[in-house]
Structures are given as C-alpha cells and as structure tokens.
file start_11.cif (mmCIF, C-alpha atoms and all ligand atoms)
data_protein
loop_
_atom_site.label_atom_id
_atom_site.label_comp_id
_atom_site.auth_asym_id
_atom_site.auth_seq_id
_atom_site.Cartn_x
_atom_site.Cartn_y
_atom_site.Cartn_z
CA MET A 1 -24.75 -8.78 -4.52
CA THR A 2 -27.45 -10.64 -2.58
CA GLN A 3 -27.01 -10.95 1.16
CA SER A 4 -27.27 -14.39 2.73
CA PHE A 5 -28.96 -14.87 6.06
CA LYS A 6 -28.55 -17.67 8.59
CA PRO A 7 -30.90 -20.45 7.44
CA VAL A 8 -34.07 -21.24 9.37
CA ARG A 9 -33.77 -24.89 10.42
CA LYS A 10 -35.72 -25.01 13.66
CA ALA A 11 -39.45 -24.68 14.21
CA VAL A 12 -41.28 -24.27 17.50
CA PHE A 13 -44.82 -25.62 17.80
CA PRO A 14 -46.49 -24.21 20.92
CA VAL A 15 -49.12 -26.80 21.81
CA ALA A 16 -49.55 -26.30 25.54
CA GLY A 17 -52.69 -24.14 25.45
CA LEU A 18 -55.96 -25.29 27.01
CA GLY A 19 -58.13 -24.95 23.90
CA THR A 20 -61.09 -23.70 25.91
CA ARG A 21 -62.98 -22.44 22.84
CA LEU A 22 -63.48 -26.01 21.67
CA LEU A 23 -64.61 -27.61 24.92
CA PRO A 24 -65.74 -30.25 25.62
CA ALA A 25 -63.85 -31.76 22.63
CA THR A 26 -60.52 -30.59 24.04
CA LYS A 27 -61.13 -31.67 27.62
CA SER A 28 -58.96 -34.77 27.41
CA MET A 29 -57.59 -34.45 23.87
CA PRO A 30 -55.18 -31.76 22.67
CA LYS A 31 -56.73 -29.27 20.26
CA GLU A 32 -53.83 -29.92 17.90
CA MET A 33 -54.91 -33.58 17.61
CA LEU A 34 -58.31 -32.61 16.19
CA THR A 35 -58.66 -34.14 12.78
CA VAL A 36 -59.38 -32.38 9.53
CA ILE A 37 -60.36 -35.13 7.05
CA ASP A 38 -57.77 -37.79 7.89
CA ARG A 39 -54.92 -36.12 9.74
CA PRO A 40 -54.56 -34.10 12.91
CA LEU A 41 -53.84 -30.38 12.83
CA ILE A 42 -50.29 -30.95 14.07
CA GLN A 43 -49.57 -33.08 11.00
CA TYR A 44 -50.52 -30.23 8.64
CA ALA A 45 -48.19 -27.87 10.52
CA VAL A 46 -45.30 -30.34 10.58
CA ASP A 47 -45.69 -31.05 6.84
CA GLU A 48 -45.65 -27.31 6.15
CA ALA A 49 -42.49 -26.88 8.24
CA ARG A 50 -40.66 -29.73 6.54
CA GLU A 51 -41.55 -28.37 3.12
CA ALA A 52 -39.95 -25.08 4.20
CA GLY A 53 -36.65 -26.84 4.98
CA ILE A 54 -37.09 -27.24 8.74
CA ASP A 55 -35.37 -30.32 10.16
CA GLN A 56 -35.61 -29.70 13.90
CA LEU A 57 -39.12 -29.81 15.31
CA ILE A 58 -39.50 -28.40 18.82
CA MET A 59 -42.83 -29.05 20.48
CA VAL A 60 -43.79 -27.08 23.58
CA THR A 61 -46.19 -29.40 25.37
CA GLY A 62 -48.07 -29.47 28.66
CA ARG A 63 -49.97 -31.97 30.77
CA GLY A 64 -52.37 -34.14 28.78
CA LYS A 65 -50.50 -33.54 25.52
CA ASN A 66 -48.57 -36.80 25.27
CA SER A 67 -50.70 -38.07 22.38
CA LEU A 68 -49.10 -35.37 20.21
CA VAL A 69 -45.66 -36.83 20.78
CA ASP A 70 -46.87 -40.45 20.50
CA TYR A 71 -48.43 -39.60 17.16
CA PHE A 72 -44.98 -39.08 15.63
CA ASP A 73 -43.57 -42.30 17.13
CA ILE A 74 -43.50 -45.72 15.54
CA SER A 75 -46.67 -47.65 16.39
CA PHE A 76 -45.09 -51.07 16.67
CA GLU A 77 -48.21 -53.22 17.16
CA LEU A 78 -50.14 -51.37 14.48
CA GLU A 79 -47.36 -51.71 11.93
CA ALA A 80 -46.73 -55.38 12.71
CA THR A 81 -50.42 -56.19 12.37
CA MET A 82 -50.74 -54.22 9.15
CA ARG A 83 -47.67 -55.95 7.75
CA ASP A 84 -49.08 -59.38 8.66
CA LYS A 85 -52.30 -58.54 6.88
CA GLY A 86 -50.47 -57.24 3.81
CA LYS A 87 -51.76 -53.67 4.25
CA ASP A 88 -50.03 -50.63 2.78
CA LEU A 89 -47.92 -48.92 5.44
CA SER A 90 -47.11 -45.87 3.33
CA VAL A 91 -50.21 -44.18 4.77
CA LEU A 92 -48.16 -43.74 7.95
CA ASP A 93 -45.10 -42.18 6.28
CA SER A 94 -45.82 -38.53 7.08
CA SER A 95 -46.45 -39.36 10.77
CA ARG A 96 -42.92 -40.71 11.21
CA VAL A 97 -40.21 -38.29 12.26
CA PRO A 98 -36.57 -39.12 11.55
CA TYR A 99 -34.63 -40.19 14.67
CA GLY A 100 -33.79 -37.27 16.94
CA GLU A 101 -35.56 -34.60 14.92
CA LEU A 102 -38.45 -34.12 17.35
CA ILE A 103 -37.56 -32.43 20.62
CA THR A 104 -40.12 -31.67 23.29
CA VAL A 105 -39.99 -29.16 26.09
CA ARG A 106 -42.61 -28.62 28.74
CA GLN A 107 -44.52 -25.47 29.54
CA GLN A 108 -45.71 -26.40 33.02
CA GLN A 109 -48.35 -23.66 33.10
CA PRO A 110 -50.09 -22.00 30.15
CA LEU A 111 -48.83 -18.49 30.89
CA GLY A 112 -49.18 -17.27 27.31
CA LEU A 113 -47.78 -17.76 23.83
CA GLY A 114 -44.68 -15.67 24.56
CA HIS A 115 -43.97 -17.84 27.58
CA ALA A 116 -44.47 -21.03 25.55
CA VAL A 117 -41.94 -19.85 22.94
CA TRP A 118 -39.51 -18.82 25.70
CA CYS A 119 -39.71 -22.36 27.14
CA ALA A 120 -37.90 -23.50 23.96
CA ARG A 121 -35.02 -21.02 24.38
CA HIS A 122 -32.30 -23.55 25.22
CA VAL A 123 -33.14 -25.68 22.20
CA VAL A 124 -33.44 -22.71 19.85
CA GLY A 125 -30.04 -21.37 20.93
CA ASN A 126 -28.56 -18.63 18.80
CA GLU A 127 -30.37 -19.29 15.53
CA PRO A 128 -33.33 -17.82 13.70
CA PHE A 129 -36.38 -20.02 14.14
CA ALA A 130 -39.93 -20.42 12.93
CA VAL A 131 -43.04 -20.59 15.11
CA LEU A 132 -46.13 -22.37 13.82
CA LEU A 133 -49.48 -22.38 15.64
CA PRO A 134 -51.08 -25.60 14.44
CA ASP A 135 -54.63 -24.38 15.01
CA ASP A 136 -54.11 -21.94 12.14
CA LEU A 137 -54.33 -24.40 9.27
CA MET A 138 -52.76 -22.75 6.21
CA ALA A 139 -53.89 -24.18 2.89
CA GLY A 140 -51.58 -23.10 0.09
CA THR A 141 -49.09 -24.32 -2.48
CA PRO A 142 -46.27 -23.82 -1.76
CA GLY A 143 -47.04 -23.79 1.95
CA ALA A 144 -47.22 -20.57 3.95
CA LEU A 145 -43.94 -21.13 5.79
CA LYS A 146 -42.08 -21.89 2.56
CA GLN A 147 -43.33 -18.57 1.18
CA MET A 148 -42.16 -16.85 4.35
CA VAL A 149 -38.72 -18.46 4.19
CA ASP A 150 -38.43 -17.20 0.60
CA ALA A 151 -39.23 -13.70 1.87
CA TYR A 152 -36.74 -14.14 4.73
CA ASN A 153 -34.02 -15.02 2.24
CA GLU A 154 -34.60 -11.61 0.65
CA VAL A 155 -34.86 -9.36 3.72
CA GLY A 156 -33.69 -11.36 6.77
CA GLY A 157 -34.66 -10.31 10.29
CA ASN A 158 -38.09 -11.04 11.71
CA ILE A 159 -41.12 -11.88 9.61
CA VAL A 160 -44.72 -12.34 10.69
CA CYS A 161 -47.45 -13.72 8.52
CA ALA A 162 -50.33 -11.26 8.28
CA GLU A 163 -53.70 -10.75 6.67
CA GLU A 164 -56.37 -8.06 6.58
CA VAL A 165 -58.86 -8.88 9.32
CA ALA A 166 -62.47 -7.72 9.60
CA PRO A 167 -62.71 -4.20 11.14
CA ASP A 168 -64.57 -5.49 14.22
CA LYS A 169 -62.07 -8.32 14.82
CA THR A 170 -58.87 -6.39 15.60
CA GLY A 171 -59.35 -7.30 19.28
CA SER A 172 -58.55 -10.93 18.47
CA TYR A 173 -55.14 -10.33 16.85
CA GLY A 174 -51.77 -8.69 17.14
CA ILE A 175 -52.14 -5.68 14.83
CA VAL A 176 -49.35 -4.11 12.75
CA THR A 177 -48.52 -0.42 12.44
CA PRO A 178 -47.50 -0.56 8.80
CA GLY A 179 -44.59 1.22 7.16
CA GLU A 180 -43.64 0.97 3.49
CA SER A 181 -44.98 -1.90 1.40
CA ARG A 182 -43.21 -3.69 -1.43
CA GLY A 183 -45.16 -6.48 -3.10
CA LYS A 184 -46.25 -8.88 -0.39
CA LEU A 185 -43.92 -7.39 2.21
CA THR A 186 -44.82 -4.55 4.56
CA GLU A 187 -42.37 -2.98 6.94
CA VAL A 188 -43.55 -3.36 10.55
CA ARG A 189 -43.23 -0.09 12.51
CA GLY A 190 -45.21 -1.23 15.53
CA LEU A 191 -47.23 -4.12 16.93
CA VAL A 192 -50.08 -4.01 19.40
CA GLU A 193 -51.84 -7.01 20.91
CA LYS A 194 -55.64 -7.18 20.64
CA PRO A 195 -56.46 -3.46 20.17
CA LYS A 196 -60.11 -2.37 20.11
CA PRO A 197 -61.17 -1.36 16.57
CA GLU A 198 -61.27 2.36 17.45
CA VAL A 199 -57.58 2.40 18.46
CA ALA A 200 -56.18 -0.23 16.07
CA PRO A 201 -53.33 1.17 13.94
CA SER A 202 -54.50 -0.85 10.89
CA ARG A 203 -56.43 -3.99 10.06
CA LEU A 204 -53.27 -5.95 9.28
CA GLY A 205 -53.48 -8.83 11.76
CA VAL A 206 -50.70 -11.26 12.63
CA ILE A 207 -51.62 -14.91 12.10
CA GLY A 208 -50.00 -18.10 13.36
CA ARG A 209 -46.68 -18.19 11.48
CA TYR A 210 -43.51 -16.35 12.45
CA ILE A 211 -39.81 -16.29 11.62
CA LEU A 212 -37.94 -14.79 14.55
CA GLN A 213 -34.42 -13.90 15.55
CA PRO A 214 -33.09 -15.47 18.78
CA GLU A 215 -32.91 -12.05 20.47
CA VAL A 216 -36.66 -12.28 21.09
CA MET A 217 -35.79 -14.79 23.83
CA ASP A 218 -33.73 -12.12 25.65
CA VAL A 219 -36.78 -9.86 25.64
CA LEU A 220 -38.98 -12.72 26.88
CA ASP A 221 -36.52 -13.32 29.76
CA ALA A 222 -38.19 -10.35 31.47
CA GLN A 223 -41.46 -12.36 31.72
CA GLU A 224 -43.56 -9.22 31.38
CA THR A 225 -47.30 -9.79 31.14
CA GLY A 226 -49.55 -7.99 28.70
CA ALA A 227 -53.12 -8.32 27.37
CA GLY A 228 -55.18 -10.85 29.36
CA GLY A 229 -52.42 -11.13 31.99
CA GLU A 230 -50.48 -13.42 29.62
CA ILE A 231 -46.85 -13.23 28.53
CA GLN A 232 -47.48 -12.12 24.96
CA LEU A 233 -45.25 -12.91 21.99
CA THR A 234 -46.54 -9.76 20.27
CA ASP A 235 -45.16 -7.52 23.04
CA ALA A 236 -41.74 -9.18 22.88
CA MET A 237 -41.64 -8.90 19.08
CA ALA A 238 -42.62 -5.22 19.31
CA ARG A 239 -39.46 -4.59 21.35
CA LEU A 240 -37.29 -5.81 18.46
CA ILE A 241 -38.68 -3.24 16.02
CA GLY A 242 -36.02 -0.67 15.21
CA THR A 243 -33.19 -2.96 16.34
CA GLN A 244 -33.63 -5.55 13.56
CA PRO A 245 -35.42 -5.67 10.20
CA PHE A 246 -39.09 -6.51 10.77
CA HIS A 247 -41.63 -7.28 8.06
CA ALA A 248 -45.14 -8.64 7.68
CA VAL A 249 -45.80 -10.84 4.68
CA LYS A 250 -49.13 -11.65 3.09
CA VAL A 251 -48.84 -15.18 1.81
CA ASP A 252 -50.78 -16.79 -0.96
CA ALA A 253 -52.70 -19.27 1.20
CA VAL A 254 -56.07 -19.58 2.91
CA ARG A 255 -56.05 -19.53 6.70
CA HIS A 256 -58.53 -21.64 8.59
CA ASP A 257 -58.72 -20.82 12.30
CA CYS A 258 -59.39 -24.30 13.64
CA GLY A 259 -59.24 -23.09 17.25
CA ASP A 260 -62.77 -21.86 16.70
CA ARG A 261 -65.85 -23.97 15.91
CA ALA A 262 -66.87 -22.21 12.69
CA GLY A 263 -63.29 -22.11 11.36
CA TYR A 264 -62.87 -25.79 12.09
CA VAL A 265 -66.02 -26.73 10.19
CA ARG A 266 -65.02 -24.47 7.28
CA ALA A 267 -61.57 -26.07 7.12
CA THR A 268 -63.09 -29.52 6.88
CA ILE A 269 -65.43 -28.50 4.06
CA ALA A 270 -62.76 -26.55 2.14
CA LEU A 271 -60.21 -29.34 2.31
CA ALA A 272 -62.77 -32.00 1.43
CA LEU A 273 -63.77 -30.01 -1.65
CA GLU A 274 -60.15 -30.02 -2.78
CA ARG A 275 -59.94 -33.81 -2.63
CA GLU A 276 -60.94 -35.80 -5.64
CA ASP A 277 -62.10 -38.76 -3.53
CA LEU A 278 -64.45 -36.61 -1.41
CA ARG A 279 -65.47 -33.64 -3.57
CA GLU A 280 -68.61 -35.12 -5.09
CA VAL A 281 -69.91 -36.70 -1.89
CA VAL A 282 -69.51 -33.44 0.03
CA ARG A 283 -71.09 -31.32 -2.74
CA GLU A 284 -74.05 -33.69 -2.84
CA ALA A 285 -74.44 -33.64 0.95
CA MET A 286 -74.33 -29.83 0.99
CA LYS A 287 -76.99 -29.61 -1.72
CA GLN A 288 -79.26 -31.83 0.29
CA GLY A 289 -78.46 -30.06 3.58
P1 LIG A 301 -54.66 -19.91 21.65
O1 LIG A 301 -54.98 -18.79 22.55
O2 LIG A 301 -55.32 -19.99 20.34
O3 LIG A 301 -54.85 -21.33 22.32
O4 LIG A 301 -53.08 -19.96 21.50
P2 LIG A 301 -55.56 -21.81 23.59
O5 LIG A 301 -55.28 -20.94 24.75
O6 LIG A 301 -55.18 -23.24 23.68
O7 LIG A 301 -57.09 -21.75 23.12
P3 LIG A 301 -58.40 -21.12 23.74
O8 LIG A 301 -58.35 -19.66 23.42
O9 LIG A 301 -58.40 -21.43 25.22
O10 LIG A 301 -59.49 -21.84 23.03
C1 LIG A 301 -52.42 -20.16 20.27
C2 LIG A 301 -51.41 -21.28 20.35
O11 LIG A 301 -50.50 -21.09 21.41
C3 LIG A 301 -50.46 -22.22 22.26
C4 LIG A 301 -51.76 -22.95 22.02
O12 LIG A 301 -51.60 -24.35 22.27
C5 LIG A 301 -52.04 -22.65 20.55
O13 LIG A 301 -51.37 -23.56 19.69
N1 LIG A 301 -50.28 -21.77 23.65
C6 LIG A 301 -51.04 -20.75 24.13
C7 LIG A 301 -49.35 -22.38 24.45
O14 LIG A 301 -48.64 -23.33 24.02
N2 LIG A 301 -49.19 -21.96 25.73
C8 LIG A 301 -49.92 -20.93 26.23
O15 LIG A 301 -49.71 -20.59 27.42
C9 LIG A 301 -50.87 -20.33 25.42
#

call {"tool": "encode", "arguments": {"input": "start_11.cif", "output": "structure tokens"}}
result
Amino acid sequence: MTQSFKPVRKAVFPVAGLGTRLLPATKSMPKEMLTVIDRPLIQYAVDEAREAGIDQLIMVTGRGKNSLVDYFDISFELEATMRDKGKDLSVLDSSRVPYGELITVRQQQPLGLGHAVWCARHVVGNEPFAVLLPDDLMAGTPGALKQMVDAYNEVGGNIVCAEEVAPDKTGSYGIVTPGESRGKLTEVRGLVEKPKPEVAPSRLGVIGRYILQPEVMDVLDAQETGAGGEIQLTDAMARLIGTQPFHAVKVDAVRHDCGDRAGYVRATIALALEREDLREVVREAMKQG
C-alpha cells in the first residue's frame, strides 16, 4: 500500500535579500526582477511552482521590492492601450496571478534566509511547503519542483534539492552528510552551512529548492544565528534530521546561479540557445565574438 502525504500547495519565495553580488544593477531594482531573455527571474520560479501544483504563492519582500508584487498585478493602462491597438494580450498571461493567490509578507531586515522563511510562518500554518530561491534558475522539463514533489509523494518529510559542487566551492553551500542512496534520492544524515573544503562531509550541496515540514518554523522561532551572523535555514533544517524523514534529491535540470555575474550571463546564453527564434542569432554572435 502506498502512503499518502499532505499535499504541497504553498510556496515561499524569499526575495528580501540585498543582492550585493550584482551591484550596481540591484541598487534600486530587486535581483529577482533581472531579466533572462524576456521574463524576470521571479516569473521562472513562479511558473515552476505552478507546474508543481502550487496554488498559494507567498512572497517575502523588503523595502524597494514593490516592483515584484506589481509585476503580478493587472497593468490597466498597458492592457487598455494594447487592446485599443489590437495587440495580442496573451503575452501577459503568465504574469497574471489568480485573485487572492499571491500573499506578501515583509522581512523588515535581511537577517538571513532562515529568518525570511520564518517571516512567512503565519501564512504557511500547519502544512508542508516549498521554498524557491528565484536567483537559482532551474532549467528542466518537467521543472525541478515538480520532480521534487514527485519524490515527496514517495517518501514524504523534508526534501532538499542538491547537486555535486566543485571541491573548492563547498564554502558557498549547505553541504549534506549523506546516508543511503536510492536512485536520485539520498538520505540526509546531517547538514552543515558553508563548510571549508577540508572539513566538508561531502560535495553534495543544497541548491535553491526545498520542500519542508511546518515544524521547521518552530526551530526558527529560536532565532539562532549561524554562519555569517545570519539566521540560517540550513541550521534549522539540520535540527529536523532524525525527527522526520529527510532526503536530498538530484533533479534532472540545469541550475543557473543568477545571483552571480557569470551564472547570469550563462543562463542568458543557455536559454537563448534553446529558443528557436534566438538560437541562430546567438550562435552567429558567439562565433564572431
Ligand atoms: P542570497 O544570499 O543569494 O541573496 O540569498 P542576497 O543576500 O540577496 O545576495 P548577495 O549575496 O548579497 O548578492 C538567497 C535568497 O534568499 C533571499 C534572497 O532575496 C535570495 O532570493 N534572502 C536572503 C532573503 O529574502 N532575506 C535574507 O535576509 C537573505
């Protein structure tokens, strides 16, 4: 008999960070509004969440982030003008959110990812929920979160998305102490935030997609700080290990870290090469470059 787990219907998008690695671009514009081809990073993440069955989008915003919320609103003047001119409005479809399905909460100070997630605790309530970091653009079909939800439906509990990271890069990730592996799933026996390569328990690094049980909020209530003086999600997740099932899953998707200059450029090139209308132009430009 297969077990059934409480469905994952809510997704938290922490978008209150300062995006200092991309300054000056992110001085007055949220990092998550940076555009890859023709849509902002937040749109890719929201599309991925919807595909995975999420119907409650919870955005954790901060000062200067209002354009992220406006983006999902109706743009009355724009639509009226386009309609008058007989232009096709379907190009705006994915940027419309059904009434009441986007909820925003404020993280008044960027005290860390764990703190940002905790700011959504009253909206998350007592349900499992997903967390998507929009600056990790995941290119895959089906999307990364859909693949994770499929894994969740098999094993329940907490699931982090993970990939093998370069040996000298463990200090940029939460790193897994791995247990048994079965296919794409690896049991998580421990988690450590940003370990130096010489003390890292593996090279299995957590990337910006999570499915978490609501109990993580109780751990975050303690507001304990970790690496970099921030309230770390990794530390809170680590406290759940042993009390609930905890797995890492390697999804079939390519991650582009758009919070970093090189990753952002690579994402733009990779996605352009996948598009029929742009492929040839980009190939030609690269040949000439
Ligand atoms: P990052 O560390 O990549 O984002 O956090 P950052 O702090 O904005 O970027 P840099 O390092 O200064 O360039 C990952 C995600 O968590 C959010 C960020 O917005 C990003 O989506 N975050 C981070 C918050 O919402 N609040 C925080 O306090 C920290």

call {"tool": "residues_near_ligand", "arguments": {"input": "start_11.cif", "ligand": "ligand LIG 301 (chain A)", "cutoff": "6 Å", "atoms": "all atoms listed in the file", "output": "list in words"}}
result
Pro14, Val15, Ala16, Gly17, Leu18, Gly19, Thr20, Arg21, Leu22, Pro110, Leu111, Gly112, Leu113, Ala116, Leu133, Pro134, Asp135 and Gly259 of chain A

call {"tool": "closest_residue", "arguments": {"input": "start_11.cif", "among": "A:Gly226, A:Gly53, A:Gly62, A:Pro98", "to": "Pro30 of chain A", "atoms": "only C-alpha atoms"}}
result
A:Gly62

call {"tool": "atom_distance", "arguments": {"input": "start_11.cif", "atom1": "atom CA of Ala52 of chain A", "atom2": "atom CA of Val149 of chain A"}}
result
6.7 Å

call {"tool": "closest_residue", "arguments": {"input": "start_11.cif", "among": "A:Val188, A:Met217, A:Val46, A:Val123", "to": "Ser94 of chain A", "atoms": "all atoms listed in the file"}}
result
A:Val46

call {"tool": "atom_distance", "arguments": {"input": "start_11.cif", "atom1": "atom CA of Gly208 of chain A", "atom2": "atom CA of Arg275 of chain A"}}
result
24.5 Å

call {"tool": "residues_around", "arguments": {"input": "start_11.cif", "residues": "Leu233 of chain A", "least_positions_apart": "2", "cutoff": "8 Å", "atoms": "all atoms listed in the file", "output": "PyMOL selection string"}}
result
chain A and resi 112-115+117+220+231+235-237

call {"tool": "atom_distance", "arguments": {"input": "start_11.cif", "atom1": "atom CA of Gln288 of chain A", "atom2": "atom CA of Ala262 of chain A"}}
result
20.0 Å

call {"tool": "closest_residue", "arguments": {"input": "start_11.cif", "among": "A:Glu198, A:Ile74, A:Gly174, A:Leu212", "to": "Ala227 of chain A", "atoms": "only C-alpha atoms"}}
result
A:Gly174

call {"tool": "closest_residue", "arguments": {"input": "start_11.cif", "among": "A:Asn126, A:Gln43, A:Thr234, A:Thr177", "to": "Asp218 of chain A", "atoms": "all atoms listed in the file"}}
result
A:Asn126
